[in-house]
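Student: Take a look at this one; I'll ask things after.
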Amino acid sequence: TLLGRKAMKVAIVGGGITGASAASSLAGRGVEVTVFDQGGRGPGGRASHRRVDAASGTVGPDDALLAPEDDSTYEFDHGCQFFRADSPQMRAITERWVEAGWASRWEGRFGRLGRGADSRGSNDFAAAPDFFGVPGSEGPVYTGVGGMHRLPRAILAASGASVRRGVRVSSVAPAAGGGWALRGTGGLAALHDTANSIADGVDDAPLGVFDAVLLTDASQSLGGWHRASAGLAAGTGSAEAVGRVRHRVRVPLFSAIVALSHPIGEAVGLDAFTVSGGGSP
């Protein structure tokens, strides 16, 4: 309870690092929190991770830690591969995560490479851009221990919040008795890459009524992003929400998942790098 009153019920749409952190903060203040995450393998959001069997190429569950000597499975952080802690507040939060064993500093060798060498054999290092501040940032870079996805999952597990895995919120509308009524779908219909012919054939179902709803991503308030919109009902403040985020820069990224026979650092002397050439990064 909050000051002797009935606990507020809050729904959080999205179980990435933002949603997990918000859930931890609210639950620690006595709020009854339910997190809805549509990920097929579990919460993570942009801290997406994929575990692939080396022999069959099948994607498997990724909750449990693999033994360091296990070479039968490939693991890829194909969302964000790292994060920074530039502000004092973020540094304090990150220090707690490091102390808990959920995150660690990435002591990698970072740099820039030109795509080709000129006649003098020099690469155009200066032309290669930073990738979210790396390698240009002088501050530390951090990763999730055992994969980036394990950071939000550890935060959620310790928060005490209820987590609805594999559930997509498709509608947010005022409830008859006050609050917000949520509807949604689960299973294949919740996933981004499921064919429309399958997803459109599944009716959404009630997910509950909440005092407040927290959207963790700008795309959740926009209808044009494939199977990402939370379906804010017209006249419920949706226009204001869309107005706030319409001009936010959203950068589409494509990840190439490649397994190499030898560590790439052996070839280029770097663990992570950006590349430039041909007039574009």
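Every chain in the structure tokens takes a letter, A first, then B, and so on in the order presented; its residues are numbered from 1, and the ligands are numbered from 1 following the presented order.
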In segment 104-178 of chain A, what's strand (DSSP E) per DSSP? Answer as a PyMOL selection string?
Tutor: chain A and resi 104-105+110-114+141-144+162-165+167-174
Student: For segment 111-198 of chain A versus segment 46-62 of chain A, which residues have an atom no more than 9 Å away, and what is each residue's nearest atom pair and distance in Å rounded to one decimal, using only C-alpha atoms, chain-then-number order, as JSON lines?
Tutor:
```
{"residue": "A:Gly144", "atom": "CA", "partner": "A:Ala47", "partner_atom": "CA", "distance": 9.0}
{"residue": "A:Gly147", "atom": "CA", "partner": "A:His49", "partner_atom": "CA", "distance": 6.8}
{"residue": "A:Met148", "atom": "CA", "partner": "A:Ala47", "partner_atom": "CA", "distance": 5.3}
{"residue": "A:His149", "atom": "CA", "partner": "A:Ala47", "partner_atom": "CA", "distance": 5.1}
{"residue": "A:Arg150", "atom": "CA", "partner": "A:Ala47", "partner_atom": "CA", "distance": 8.5}
{"residue": "A:Leu151", "atom": "CA", "partner": "A:Ala47", "partner_atom": "CA", "distance": 8.3}
{"residue": "A:Pro152", "atom": "CA", "partner": "A:Ala47", "partner_atom": "CA", "distance": 7.9}
```
Student: Segment 97-177 of chain A near segment 9-31 of chain A within 6 Å: what's each residue's closest atom pair and its distance in Å to one decimal, counting only C-alpha atoms, ordered by chain then ascending residue number, as JSON lines?
Tutor:
```
{"residue": "A:Pro152", "atom": "CA", "partner": "A:Ile17", "partner_atom": "CA", "distance": 4.9}
{"residue": "A:Ile155", "atom": "CA", "partner": "A:Ala20", "partner_atom": "CA", "distance": 5.9}
{"residue": "A:Leu156", "atom": "CA", "partner": "A:Ala20", "partner_atom": "CA", "distance": 5.3}
{"residue": "A:Ser159", "atom": "CA", "partner": "A:Ser24", "partner_atom": "CA", "distance": 4.5}
```
Student: Let's have the selection written as a PDB file, in the first residue's frame, with all heavy atoms.
Tutor:
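This went into selection-v6.pdb:
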```pdb
ATOM      1  N   PRO A 152      18.093  -6.504 -18.401  1.00  0.00           N
ATOM      2  CA  PRO A 152      16.692  -6.195 -18.056  1.00  0.00           C
ATOM      3  C   PRO A 152      15.982  -7.337 -17.354  1.00  0.00           C
ATOM      4  O   PRO A 152      15.133  -7.109 -16.489  1.00  0.00           O
ATOM      5  CB  PRO A 152      16.050  -5.866 -19.411  1.00  0.00           C
ATOM      6  CG  PRO A 152      16.943  -6.475 -20.432  1.00  0.00           C
ATOM      7  CD  PRO A 152      18.314  -6.403 -19.858  1.00  0.00           C
ATOM      8  N   ILE A 155      16.957  -7.206 -13.690  1.00  0.00           N
ATOM      9  CA  ILE A 155      16.289  -6.081 -13.041  1.00  0.00           C
ATOM     10  C   ILE A 155      14.832  -6.429 -12.752  1.00  0.00           C
ATOM     11  O   ILE A 155      14.313  -6.171 -11.651  1.00  0.00           O
ATOM     12  CB  ILE A 155      16.375  -4.819 -13.923  1.00  0.00           C
ATOM     13  CG1 ILE A 155      17.832  -4.386 -14.114  1.00  0.00           C
ATOM     14  CG2 ILE A 155      15.574  -3.672 -13.298  1.00  0.00           C
ATOM     15  CD1 ILE A 155      18.007  -3.302 -15.162  1.00  0.00           C
ATOM     16  N   LEU A 156      14.155  -7.031 -13.739  1.00  0.00           N
ATOM     17  CA  LEU A 156      12.754  -7.406 -13.552  1.00  0.00           C
ATOM     18  C   LEU A 156      12.594  -8.474 -12.480  1.00  0.00           C
ATOM     19  O   LEU A 156      11.679  -8.404 -11.648  1.00  0.00           O
ATOM     20  CB  LEU A 156      12.170  -7.910 -14.874  1.00  0.00           C
ATOM     21  CG  LEU A 156      11.878  -6.850 -15.930  1.00  0.00           C
ATOM     22  CD1 LEU A 156      11.531  -7.501 -17.268  1.00  0.00           C
ATOM     23  CD2 LEU A 156      10.746  -5.931 -15.473  1.00  0.00           C
ATOM     24  N   SER A 159      12.767  -6.935  -9.135  1.00  0.00           N
ATOM     25  CA  SER A 159      11.859  -5.820  -8.879  1.00  0.00           C
ATOM     26  C   SER A 159      10.605  -6.223  -8.116  1.00  0.00           C
ATOM     27  O   SER A 159      10.010  -5.393  -7.415  1.00  0.00           O
ATOM     28  CB  SER A 159      11.442  -5.178 -10.211  1.00  0.00           C
ATOM     29  OG  SER A 159      10.572  -6.043 -10.938  1.00  0.00           O
TER      30      SER A 159
END
```
Student: I'd like to know which of A:Phe131, A:Phe36, A:Phe273, A:Trp106 is closest to Leu214 of chain A, using only C-alpha atoms.
Tutor: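 Once distances to Leu214 of chain A are computed over only C-alpha atoms, the minimum belongs to A:Phe36.
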Student: List as a list in words the protein and nucleic acid residues near Gly111 of chain A, meaning an atom at most 10 Å away when only C-alpha atoms are counted, but skip any in the same chain fewer than 2 places from it.
Tutor: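 Once the nearby chain positions are removed, what remains is Gly108, Arg109, Leu113, Phe125, Ala128, Asp130, Val134, Pro135, Gly136, Val268, Gly269, Leu270, Asp271, Ala272, Phe273, Thr274 and Val275 of chain A.
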Student: Which residue gives the smallest distance to Gly101 of chain A among A:Ala154, A:Ala173, A:Val35, A:Thr216, with only C-alpha atoms counted?
Tutor: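 When distances to Gly101 of chain A are compared using only C-alpha atoms, the smallest one comes from A:Ala154.
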Student: List as a list of chain:residue names the protein and nucleic acid residues near Gly187 of chain A, meaning an atom at most 7 Å away when only C-alpha atoms are counted, but skip any in the same chain fewer than 2 places from it.
Tutor: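 In the requested format, the answer is A:Gly166, A:Ala189, A:Ala190.
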Student: Compile a residue-level contact table for segment 138-188 of chain A against segment 72-89 of chain A at a cut-off of 7 Å, reporting for every qualifying residue the shortest atom pair and its distance in Å to one decimal, with only C-alpha atoms counted, rows ordered by chain and ascending number, as CSV.
Tutor:
```
residue,atom,partner,partner_atom,distance
A:Gly139,CA,A:Asp86,CA,6.8
A:Pro140,CA,A:Arg84,CA,6.5
A:Val141,CA,A:Arg84,CA,5.0
A:Tyr142,CA,A:Phe83,CA,5.3
A:Thr143,CA,A:Phe82,CA,4.8
A:Gly147,CA,A:Asp77,CA,6.5
A:Met148,CA,A:Asp77,CA,6.4
```
Student: Just N, CA and C atoms for this one: save the residues we selected as a short mmCIF file (atom, residue, chain, number, x, y, z; two decimals), in the first residue's frame.
Tutor:
```cif
data_model
loop_
_atom_site.label_atom_id
_atom_site.label_comp_id
_atom_site.auth_asym_id
_atom_site.auth_seq_id
_atom_site.Cartn_x
_atom_site.Cartn_y
_atom_site.Cartn_z
N GLY A 139 34.52 7.88 -21.98
CA GLY A 139 33.95 7.22 -20.81
C GLY A 139 33.91 5.72 -20.98
N PRO A 140 33.64 4.99 -19.91
CA PRO A 140 33.59 3.53 -19.96
C PRO A 140 32.38 3.03 -20.74
N VAL A 141 32.49 1.83 -21.24
CA VAL A 141 31.42 1.15 -21.96
C VAL A 141 31.08 -0.13 -21.19
N TYR A 142 29.78 -0.44 -21.09
CA TYR A 142 29.34 -1.58 -20.28
C TYR A 142 28.52 -2.55 -21.13
N THR A 143 28.49 -3.79 -20.69
CA THR A 143 27.65 -4.81 -21.31
C THR A 143 26.93 -5.60 -20.21
N GLY A 147 25.21 -11.69 -21.70
CA GLY A 147 24.37 -11.20 -22.79
C GLY A 147 23.58 -9.98 -22.35
N MET A 148 23.35 -9.06 -23.28
CA MET A 148 22.65 -7.83 -22.93
C MET A 148 21.24 -8.09 -22.41
#
```
Student: Interatomic distance between atom CA of Val209 of chain A and atom CA of Lys6 of chain A?
Tutor: 14.7 Å
Student: Report, in Å with one decimal, the straight-line distance from atom CA of Val145 of chain A to atom CA of Trp102 of chain A.
Tutor: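 According to the coordinates, atom CA of Val145 of chain A and atom CA of Trp102 of chain A are separated by 5.4 Å.
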Student: I'd like to know which residues of segment 23-208 of chain A are alpha helix (DSSP H) (by DSSP, run on the backbone); could you write them as a VMD selection string?
Tutor: chain A and resid 23 to 27 88 to 100 150 to 159 196 to 199
Student: Could you please determine the separation between atom CA of Met8 of chain A and atom CA of Phe210 of chain A in Å, to one decimal place?
Tutor: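 Pair atom CA of Met8 of chain A / atom CA of Phe210 of chain A returns 8.0 Å.
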Student: Leaving out Gly184 of chain A and any residue of its chain fewer than 3 positions from it, which residues lie within 8 Å of it when counting only C-alpha atoms, given as a list in words?
Tutor: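 Within the cut-off, the hits are Val167, Arg168, Val169, Ser170, Ser171, Asp204, Ala205, Pro206 and Leu207 of chain A.
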